[in-house]
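Participant: This one is upload_14.txt, compact mmCIF, C-alpha atoms and all ligand atoms.
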# COMPACT_ATOMS: atom_id res chain seq x y z
CA MET A 1 87.35 215.50 35.58
CA PRO A 2 87.20 213.00 32.66
CA ASN A 3 84.88 210.09 33.34
CA ILE A 4 85.10 207.28 30.79
CA LEU A 5 85.14 204.84 33.76
CA LYS A 6 82.63 206.69 35.95
CA ASP A 7 81.17 204.43 38.67
CA LYS A 8 83.17 201.39 37.49
CA VAL A 9 85.00 199.27 40.06
CA ALA A 10 88.50 198.18 39.03
CA VAL A 11 91.11 195.83 40.48
CA VAL A 12 94.68 196.51 39.33
CA THR A 13 97.40 194.06 40.42
CA GLY A 14 101.01 195.21 40.72
CA ALA A 15 99.74 198.78 41.13
CA GLY A 16 102.57 199.92 43.43
CA ASN A 17 105.09 200.54 40.65
CA GLY A 18 105.72 201.02 36.97
CA ILE A 19 103.01 200.36 34.40
CA ALA A 20 100.23 199.25 36.77
CA LYS A 21 100.69 202.28 39.02
CA GLN A 22 100.06 204.55 36.04
CA ILE A 23 97.00 202.47 35.10
CA ALA A 24 95.58 202.73 38.63
CA LEU A 25 96.19 206.50 38.72
CA LEU A 26 94.52 207.10 35.35
CA MET A 27 91.59 204.81 36.19
CA GLY A 28 91.10 206.85 39.37
CA LYS A 29 91.11 210.06 37.32
CA GLU A 30 88.66 208.51 34.85
CA GLY A 31 86.16 207.95 37.65
CA ALA A 32 86.76 204.30 38.60
CA LYS A 33 86.89 203.13 42.21
CA VAL A 34 90.20 201.28 42.38
CA VAL A 35 91.54 198.36 44.42
CA ALA A 36 95.31 198.92 44.09
CA ASN A 37 96.98 195.58 44.80
CA ASP A 38 100.72 195.24 45.34
CA LEU A 39 102.85 192.86 47.39
CA GLY A 40 105.63 195.43 47.58
CA CYS A 41 108.38 192.95 46.72
CA ASP A 42 111.61 193.68 44.88
CA VAL A 43 111.90 193.11 41.14
CA ASN A 44 112.98 189.49 41.78
CA GLY A 45 109.89 188.82 43.91
CA ARG A 46 111.66 188.95 47.28
CA GLY A 47 110.41 190.77 50.38
CA SER A 48 107.16 192.65 50.89
CA SER A 49 105.99 196.11 51.91
CA LYS A 50 102.71 197.96 52.21
CA ASP A 51 104.30 201.22 51.09
CA PRO A 52 103.95 200.93 47.26
CA ALA A 53 100.20 200.08 47.34
CA ASP A 54 99.61 202.74 50.03
CA ALA A 55 101.46 205.37 47.98
CA THR A 56 99.34 204.65 44.89
CA VAL A 57 96.12 204.87 46.92
CA ALA A 58 97.24 208.16 48.49
CA GLU A 59 98.04 209.59 45.04
CA ILE A 60 94.64 208.57 43.63
CA LYS A 61 92.90 210.18 46.60
CA ARG A 62 94.99 213.36 46.33
CA ALA A 63 93.77 213.66 42.73
CA GLY A 64 90.16 213.42 43.95
CA GLY A 65 89.64 209.71 43.20
CA THR A 66 88.54 206.72 45.26
CA ALA A 67 90.84 203.79 46.06
CA VAL A 68 91.73 201.16 48.61
CA ALA A 69 94.96 199.19 49.02
CA SER A 70 95.48 195.42 48.84
CA TYR A 71 98.79 193.84 49.85
CA GLU A 72 98.03 190.29 48.73
CA ASP A 73 100.47 188.04 46.86
CA VAL A 74 98.84 187.15 43.52
CA SER A 75 100.87 183.94 43.25
CA GLN A 76 98.71 182.42 46.03
CA PHE A 77 95.41 180.95 44.86
CA ASP A 78 93.42 182.06 47.93
CA ALA A 79 94.91 185.55 47.73
CA GLY A 80 93.38 185.98 44.26
CA GLU A 81 89.96 185.28 45.73
CA ARG A 82 90.57 187.70 48.60
CA ILE A 83 91.58 190.52 46.22
CA ILE A 84 88.38 190.16 44.20
CA LYS A 85 86.25 189.77 47.35
CA GLN A 86 87.75 193.00 48.71
CA ALA A 87 86.54 194.88 45.62
CA VAL A 88 83.00 193.54 45.98
CA ASP A 89 82.92 194.00 49.78
CA THR A 90 84.26 197.57 49.54
CA TYR A 91 82.51 198.91 46.45
CA GLY A 92 79.61 196.48 45.88
CA LYS A 93 80.63 195.09 42.47
CA LEU A 94 83.49 194.44 40.03
CA ASP A 95 83.63 195.78 36.46
CA ILE A 96 87.32 195.71 35.53
CA LEU A 97 90.30 193.47 36.27
CA VAL A 98 93.79 194.50 35.11
CA ALA A 99 96.35 191.76 35.90
CA VAL A 100 99.81 193.29 35.71
CA ALA A 101 101.86 192.09 38.73
CA GLY A 102 105.15 190.52 37.75
CA ILE A 103 108.77 189.73 38.60
CA LEU A 104 111.95 188.76 36.76
CA ARG A 105 114.56 186.08 37.49
CA ASP A 106 116.61 185.99 34.29
CA ARG A 107 119.07 183.11 33.74
CA MET A 108 120.10 181.16 30.68
CA VAL A 109 118.03 177.98 30.73
CA PHE A 110 121.04 175.79 31.56
CA ASN A 111 121.67 177.83 34.72
CA MET A 112 118.04 178.24 35.77
CA SER A 113 117.07 176.76 39.15
CA GLU A 114 113.73 175.14 39.82
CA GLU A 115 113.01 177.92 42.32
CA ASP A 116 113.58 180.65 39.70
CA TRP A 117 111.33 178.81 37.24
CA ASP A 118 108.57 178.25 39.80
CA ALA A 119 108.61 181.81 41.21
CA VAL A 120 108.21 183.46 37.82
CA ILE A 121 105.54 181.06 36.55
CA ALA A 122 103.66 181.40 39.87
CA THR A 123 103.64 185.19 39.85
CA HIS A 124 102.86 185.83 36.18
CA LEU A 125 100.91 182.85 34.83
CA LYS A 126 99.27 181.41 37.93
CA GLY A 127 99.01 184.93 39.38
CA THR A 128 96.93 185.96 36.37
CA PHE A 129 94.74 182.83 36.65
CA ASN A 130 94.33 183.38 40.40
CA VAL A 131 92.56 186.71 39.87
CA VAL A 132 90.91 185.88 36.52
CA ARG A 133 89.13 182.84 37.95
CA PRO A 134 87.12 184.57 40.74
CA THR A 135 86.56 187.55 38.44
CA SER A 136 85.12 185.30 35.72
CA ILE A 137 82.49 183.91 38.11
CA ILE A 138 81.24 187.42 38.95
CA MET A 139 81.38 188.78 35.39
CA ARG A 140 79.66 185.72 33.91
CA GLN A 141 76.80 186.14 36.38
CA GLN A 142 76.41 189.89 35.81
CA ARG A 143 76.94 189.45 32.04
CA SER A 144 79.40 192.31 31.75
CA GLY A 145 83.00 193.11 32.51
CA ARG A 146 86.46 193.80 31.19
CA ILE A 147 89.64 191.80 31.82
CA ILE A 148 93.04 193.05 30.64
CA THR A 149 96.13 190.86 31.00
CA PHE A 150 99.84 191.52 30.35
CA THR A 151 102.10 189.54 28.04
CA SER A 152 105.55 190.47 26.67
CA GLY A 153 107.64 190.43 23.52
CA SER A 154 109.69 187.84 25.41
CA GLY A 155 106.71 185.47 25.39
CA LEU A 156 105.47 186.31 21.89
CA ASN A 157 108.84 186.37 20.10
CA GLY A 158 111.43 184.93 22.51
CA ASN A 159 114.23 186.70 24.36
CA PRO A 160 117.51 185.08 25.48
CA GLY A 161 117.83 184.30 29.20
CA GLN A 162 114.10 184.46 29.93
CA ALA A 163 112.85 180.85 29.62
CA ASN A 164 110.74 181.18 32.78
CA TYR A 165 109.43 184.66 31.99
CA GLY A 166 108.86 184.01 28.28
CA ALA A 167 107.00 180.78 29.02
CA ALA A 168 104.80 182.55 31.59
CA LYS A 169 104.07 185.47 29.27
CA ALA A 170 103.28 183.20 26.29
CA GLY A 171 101.00 181.31 28.69
CA ILE A 172 99.20 184.53 29.56
CA ALA A 173 98.61 185.22 25.84
CA GLY A 174 97.14 181.73 25.49
CA LEU A 175 95.06 182.11 28.64
CA THR A 176 93.71 185.41 27.30
CA ARG A 177 92.61 183.88 23.99
CA VAL A 178 90.85 180.98 25.73
CA VAL A 179 89.14 183.05 28.44
CA ALA A 180 88.01 185.53 25.75
CA ARG A 181 86.19 182.63 24.10
CA ASP A 182 84.87 181.34 27.45
CA LEU A 183 83.43 184.72 28.47
CA GLY A 184 82.72 186.56 25.21
CA LYS A 185 79.23 185.12 24.97
CA TYR A 186 78.41 186.66 28.36
CA GLY A 187 79.34 190.19 27.25
CA VAL A 188 82.74 190.05 28.97
CA THR A 189 85.85 191.02 26.99
CA VAL A 190 89.37 189.77 27.66
CA ASN A 191 92.33 191.43 25.97
CA CYS A 192 96.08 191.53 26.44
CA ILE A 193 98.78 194.21 26.34
CA SER A 194 102.39 193.64 25.26
CA PRO A 195 104.01 196.78 26.69
CA GLY A 196 107.35 198.49 26.40
CA ALA A 197 108.10 201.05 29.14
CA ASN A 198 111.02 202.34 31.14
CA THR A 199 110.46 200.77 34.58
CA ARG A 200 112.58 199.09 37.26
CA MET A 201 111.83 195.75 35.56
CA ILE A 202 113.46 196.77 32.27
CA ALA A 203 116.41 198.24 34.18
CA ALA A 204 116.87 194.85 35.93
CA ILE A 205 117.45 192.80 32.77
CA PRO A 206 121.11 191.70 32.77
CA GLN A 207 123.54 193.24 30.33
CA GLY A 208 123.71 191.62 26.94
CA PRO A 209 122.48 191.96 23.39
CA ARG A 210 118.83 192.99 23.47
CA PRO A 211 116.14 192.84 20.81
CA GLN A 212 116.66 195.30 18.00
CA GLY A 213 120.37 195.49 18.87
CA LEU A 214 119.91 197.68 21.94
CA GLN A 215 122.10 197.22 25.01
CA VAL A 216 119.98 197.11 28.15
CA THR A 217 121.15 200.44 29.50
CA ASP A 218 120.26 201.99 26.16
CA ALA A 219 117.02 200.03 26.08
CA ALA A 220 115.89 201.25 29.51
CA ALA A 221 116.70 204.83 28.61
CA GLN A 222 115.11 204.62 25.18
CA PHE A 223 111.89 203.02 26.37
CA PRO A 224 109.22 205.68 26.84
CA GLY A 225 107.62 206.18 30.26
CA PRO A 226 105.01 203.76 31.71
CA GLU A 227 102.31 206.46 31.62
CA HIS A 228 101.93 205.76 27.87
CA ILE A 229 100.36 202.33 28.54
CA ALA A 230 97.50 203.50 30.76
CA PRO A 231 95.23 205.30 28.23
CA MET A 232 94.86 202.19 26.02
CA VAL A 233 94.09 200.07 29.10
CA CYS A 234 91.41 202.57 30.18
CA PHE A 235 89.91 202.48 26.69
CA LEU A 236 89.81 198.65 26.68
CA ALA A 237 88.24 198.76 30.15
CA SER A 238 85.49 201.12 29.04
CA ASP A 239 82.05 200.48 27.54
CA ALA A 240 83.39 201.93 24.26
CA ALA A 241 85.52 198.77 23.69
CA ALA A 242 82.63 196.29 23.75
CA ASN A 243 83.55 194.82 20.34
CA VAL A 244 87.24 194.21 21.13
CA ASN A 245 87.81 190.69 22.49
CA GLY A 246 90.64 188.15 22.50
CA GLN A 247 93.17 190.60 21.06
CA ILE A 248 96.79 191.43 21.86
CA PHE A 249 97.96 195.02 21.54
CA SER A 250 101.57 196.15 21.57
CA VAL A 251 101.87 199.52 23.31
CA MET A 252 105.12 201.47 23.55
CA GLY A 253 105.06 205.24 23.88
CA PRO A 254 102.51 206.68 21.48
CA ARG A 255 102.74 203.63 19.15
CA ILE A 256 99.82 201.20 19.56
CA SER A 257 99.62 198.10 17.32
CA LEU A 258 97.10 195.29 16.96
CA LEU A 259 99.20 192.10 16.80
CA SER A 260 98.49 189.13 14.53
CA HIS A 261 97.66 185.71 15.91
CA PRO A 262 99.92 182.81 14.83
CA ARG A 263 98.90 181.66 11.36
CA PRO A 264 100.43 179.45 8.64
CA ILE A 265 102.75 181.39 6.36
CA LYS A 266 103.85 178.49 4.11
CA THR A 267 102.17 175.11 3.73
CA MET A 268 103.07 171.86 1.98
CA PHE A 269 100.56 169.10 1.38
CA LYS A 270 100.22 165.74 -0.31
CA PRO A 271 97.39 163.24 -0.25
CA GLY A 272 98.14 160.47 2.28
CA ARG A 273 101.14 160.66 4.65
CA TRP A 274 104.63 162.11 4.16
CA THR A 275 107.57 159.75 4.60
CA VAL A 276 110.74 160.99 6.32
CA GLU A 277 112.62 160.56 3.04
CA GLU A 278 110.13 162.77 1.21
CA LEU A 279 110.36 165.41 3.95
CA ARG A 280 114.17 165.33 3.72
CA GLU A 281 113.81 166.11 0.04
CA PHE A 282 110.96 168.62 0.05
CA VAL A 283 111.09 170.58 3.36
CA PRO A 284 114.42 172.30 2.55
CA LYS A 285 113.11 173.25 -0.91
CA THR A 286 109.71 174.47 0.21
CA ILE A 287 108.55 175.59 3.65
CA ALA A 288 112.10 175.80 5.10
CA ALA A 289 113.71 177.24 1.97
CA GLU A 290 114.50 180.63 3.47
CA LEU A 291 115.45 179.49 7.00
CA LYS A 292 119.04 179.99 8.09
CA LYS A 293 121.42 178.03 10.34
CA ALA A 294 120.09 176.96 13.78
CA ALA A 295 121.86 179.76 15.66
CA GLU A 296 120.20 182.31 13.42
CA THR A 297 116.73 180.83 13.23
CA ALA A 298 115.43 182.13 16.56
CA PRO A 299 112.48 184.34 15.70
CA GLN A 300 113.60 187.87 14.99
CA VAL A 301 111.84 190.41 17.18
CA PRO A 302 109.99 192.75 14.88
CA ALA A 303 109.50 196.38 15.80
CA GLN A 304 106.19 196.12 17.63
N1 LIG B 1 108.33 197.41 31.40
C1 LIG B 1 108.28 196.79 30.22
O1 LIG B 1 108.84 197.26 29.21
C2 LIG B 1 107.55 195.51 30.08
C3 LIG B 1 107.73 194.77 28.90
C4 LIG B 1 107.00 193.60 28.72
C5 LIG B 1 106.11 193.20 29.71
N2 LIG B 1 105.97 193.91 30.87
C6 LIG B 1 105.02 193.43 31.87
O2 LIG B 1 104.28 194.53 32.38
C7 LIG B 1 103.96 194.28 33.75
C8 LIG B 1 104.42 195.45 34.62
O3 LIG B 1 105.83 195.55 34.56
P1 LIG B 1 106.63 196.81 35.11
O4 LIG B 1 107.73 197.02 34.14
O5 LIG B 1 105.69 197.90 35.45
O6 LIG B 1 107.26 196.17 36.45
P2 LIG B 1 107.50 196.78 37.92
O7 LIG B 1 108.53 195.91 38.56
O8 LIG B 1 107.74 198.24 37.85
O9 LIG B 1 106.08 196.55 38.65
C9 LIG B 1 105.62 195.28 38.97
C10 LIG B 1 104.84 195.36 40.27
O10 LIG B 1 104.28 194.06 40.55
C11 LIG B 1 104.36 193.85 41.95
N3 LIG B 1 104.33 192.42 42.24
C12 LIG B 1 105.30 191.51 41.95
N4 LIG B 1 104.95 190.30 42.40
C13 LIG B 1 103.72 190.44 42.97
C14 LIG B 1 102.83 189.54 43.60
N5 LIG B 1 103.14 188.24 43.74
N6 LIG B 1 101.65 190.01 44.06
C15 LIG B 1 101.33 191.33 43.93
N7 LIG B 1 102.15 192.22 43.36
C16 LIG B 1 103.33 191.79 42.89
C17 LIG B 1 105.68 194.49 42.35
O11 LIG B 1 105.72 194.76 43.74
C18 LIG B 1 105.71 195.74 41.47
O12 LIG B 1 105.15 196.83 42.15
C19 LIG B 1 104.61 192.94 34.11
O13 LIG B 1 103.67 191.91 33.98
C20 LIG B 1 105.68 192.80 33.07
O14 LIG B 1 106.01 191.44 32.84
C21 LIG B 1 106.69 195.04 31.07
Go ahead and express the file in the form of structure tokens.
Ligand SMILES: NC(=O)c1ccc[n+]([C@@H]2O[C@H](COP(=O)([O-])OP(=O)(O)OC[C@H]3O[C@@H](n4cnc5c(N)ncnc54)[C@H](O)[C@@H]3O)[C@@H](O)[C@H]2O)c1

Facilitator:
Amino acid sequence: MPNILKDKVAVVTGAGNGIAKQIALLMGKEGAKVVANDLGCDVNGRGSSKDPADATVAEIKRAGGTAVASYEDVSQFDAGERIIKQAVDTYGKLDILVAVAGILRDRMVFNMSEEDWDAVIATHLKGTFNVVRPTSIIMRQQRSGRIITFTSGSGLNGNPGQANYGAAKAGIAGLTRVVARDLGKYGVTVNCISPGANTRMIAAIPQGPRPQGLQVTDAAAQFPGPEHIAPMVCFLASDAAANVNGQIFSVMGPRISLLSHPRPIKTMFKPGRWTVEELREFVPKTIAAELKKAAETAPQVPAQ
């Protein structure tokens, strides 16, 4: 049995389905003791069931690994603390947190209800904070640990109909960069994955033009399986990735990319302060010279 995570203790949220299930299974095979957390809700965050978390735990055990189920709802602050406490109570320590749990409630922003906004922000953004916070206390004290969060092309580049989801996922990228700086000096690394994988979540995105011109049915079918994401997460969770911190990696099938951080690509400057009149004259000729009409200026999603 491979053992890059031998004797490590890992919490994986959202581990009942899709990407996180594959991460939990591979971490179990790599020797980690796993707390597999999943609320067992539908893709919109409704309902709950113990079955998905139980099924993942059973599969890890069948493969010879060690795991325990958690059915907590990551969107609840106290639940985050209970998930992390369960890891320490059950296995004596915590080495790895992988925060993956998520839902979708896609609507164009003008049709989006407050409830749909709140549910998605609570599950993704606050749900990540809710487990990162208690984890950070433990890892800072023990001066070691690995945290891996999940963002999305929707948050990094923008995707129509996903104002709630894109905002939450961009927030997770920002949270990752900040917490990497907070904890890096204690030997704790915090990195982020922007995945692409054929899961029930991708299949749930309403019909319409998708990034790179794909229709959603095509997109779901053309996305490679979620098992491609797990090896990179296991690497980042291992001792071998000690020098990787505050980074975002795009992972889709066998293609793994290190993404750039936002940086200036064109700059204009004058001593003193620009007037509006000067900006009206110079912006179109300089930093905005190649920008197109408003409807076309939404950031194009590059092949990641
Ligand atoms: N699949 C992709 O191509 C893709 C693309 C970009 C980002 N992502 C991100 O990757 C992550 C995994 O997505 P997936 O495609 O595997 O989705 P999925 O729907 O297959 O799995 C998500 C899991 O999270 C669980 N969950 C939802 N709310 C929860 C809560 N409050 N508490 C605990 N568990 C909860 C669900 O029960 C489900 O098992 C998500 O964060 C998603 O935003 C996925």

Participant: Any idea what's packed within 9 Å of Ala230 of chain A, counting all atoms listed in the file, ignoring anything in its chain fewer than 2 positions away? Could you give it as a PyMOL selection string?

Facilitator: chain A and resi 19-27+226-228+232-235

Participant: Which residue is closest to Tyr71 of chain A? Choose from A:Arg146, A:Lys270, A:Lys50, A:Arg200 and count all atoms listed in the file.

Facilitator: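 Ranked by minimum distance to Tyr71 of chain A, first place goes to A:Lys50.
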
Participant: What does the list of residues within 8 Å of ligand LIG 1 (chain B) look like if you count only C-alpha atoms and all ligand atoms, written as a PyMOL selection string?

Facilitator: chain A and resi 13-21+37-45+48+52-53+71-76+99-104+122-124+127+150-154+165+169+194-202+223+226+252

Participant: Between atom CA of Gln247 of chain A and atom CA of Cys192 of chain A, what distance in Å does the model show, to one decimal?

Facilitator: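 Answer for the atom CA of Gln247 of chain A to atom CA of Cys192 of chain A separation: 6.2 Å.
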
Participant: What is the distance, in Å and to one decimal place, between atom CA of Glu81 of chain A and atom CA of Val35 of chain A?

Facilitator: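 It comes out at 13.2 Å.
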
Participant: Between A:Ala67, A:Leu175, A:Ala58, A:Val190, which residue has the minimum interatomic distance to Ala242 of chain A, considering all atoms listed in the file?

Facilitator: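 Under the stated criterion, the closest residue is A:Val190.
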
Participant: One decimal, in Å: what's the spacing between atom CA of Asn191 of chain A and atom CA of Lys85 of chain A?

Facilitator: 22.3 Å

Participant: Let me have the centre and edge lengths in Å, one decimal, of the box along x, y and z around every listed atom of segment 55-63 of chain A with 3 Å of margin on each side, as JSON.

Facilitator:
{"center_x": 97.2, "center_y": 209.2, "center_z": 45.6, "size_x": 14.6, "size_y": 15.0, "size_z": 11.8}

Participant: Produce a table with one row for each residue of segment 45-119 of chain A that has an atom at most 12 Å from any atom of segment 141-144 of chain A, each row naming the nearest atom pair and its distance in Å at one decimal; use only C-alpha atoms; arrange rows by chain and rising residue number; format as JSON lines.

Facilitator:
{"residue": "A:Lys93", "atom": "CA", "partner": "A:Gln142", "partner_atom": "CA", "distance": 9.4}
{"residue": "A:Leu94", "atom": "CA", "partner": "A:Gln142", "partner_atom": "CA", "distance": 9.4}
{"residue": "A:Asp95", "atom": "CA", "partner": "A:Ser144", "partner_atom": "CA", "distance": 7.2}
{"residue": "A:Ile96", "atom": "CA", "partner": "A:Ser144", "partner_atom": "CA", "distance": 9.4}
{"residue": "A:Leu97", "atom": "CA", "partner": "A:Ser144", "partner_atom": "CA", "distance": 11.9}

Participant: Using all atoms listed in the file, which residue out of A:Asn164, A:Met139, A:Lys126, A:Asn3 lies closest to Ser113 of chain A?

Facilitator: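 Result for the nearest residue to Ser113 of chain A: A:Asn164.
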
Participant: Of the candidates A:Leu279, A:Ala173, A:Ala79, A:Val188, which one gets nearest to Asn130 of chain A if we count only C-alpha atoms?

Facilitator: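 Ranked by minimum distance to Asn130 of chain A, first place goes to A:Ala79.
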
Participant: For Ile84 of chain A, find every residue with an atom within 8 Å (counting all atoms listed in the file), except residues of its own chain fewer than 2 positions away, and show them as a CSV table (one decimal) with C-alpha atoms, keeping the file's coordinate frame.

Facilitator:
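Listed below is the output, selection_27.csv:
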chain,number,residue,atom,x,y,z
A,11,VAL,CA,91.1,195.8,40.5
A,80,GLY,CA,93.4,186.0,44.3
A,81,GLU,CA,90.0,185.3,45.7
A,82,ARG,CA,90.6,187.7,48.6
A,86,GLN,CA,87.8,193.0,48.7
A,87,ALA,CA,86.5,194.9,45.6
A,88,VAL,CA,83.0,193.5,46.0
A,94,LEU,CA,83.5,194.4,40.0
A,131,VAL,CA,92.6,186.7,39.9
A,134,PRO,CA,87.1,184.6,40.7
A,135,THR,CA,86.6,187.6,38.4

Participant: Taking all atoms listed in the file into account, which of A:Leu236, A:Ile138, A:Leu156, A:Ile193 comes nearest Leu258 of chain A?

Facilitator: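 That would be A:Ile193, the residue with the smallest distance to Leu258 of chain A.
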
Participant: Which residue is closest to Asn157 of chain A? Choose from A:Ala170, A:Ile60, A:Ala36, A:Ala240 and count all atoms listed in the file.

Facilitator: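 Distance minimum relative to Asn157 of chain A lands on A:Ala170.
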
Participant: Show which residues sit within 9 Å of Val179 of chain A, as JSON, numbers by chain. Count all atoms listed in the file, and ignore same-chain residues fewer than 6 positions away.

Facilitator: {"A": [132, 136, 189, 190, 246]}
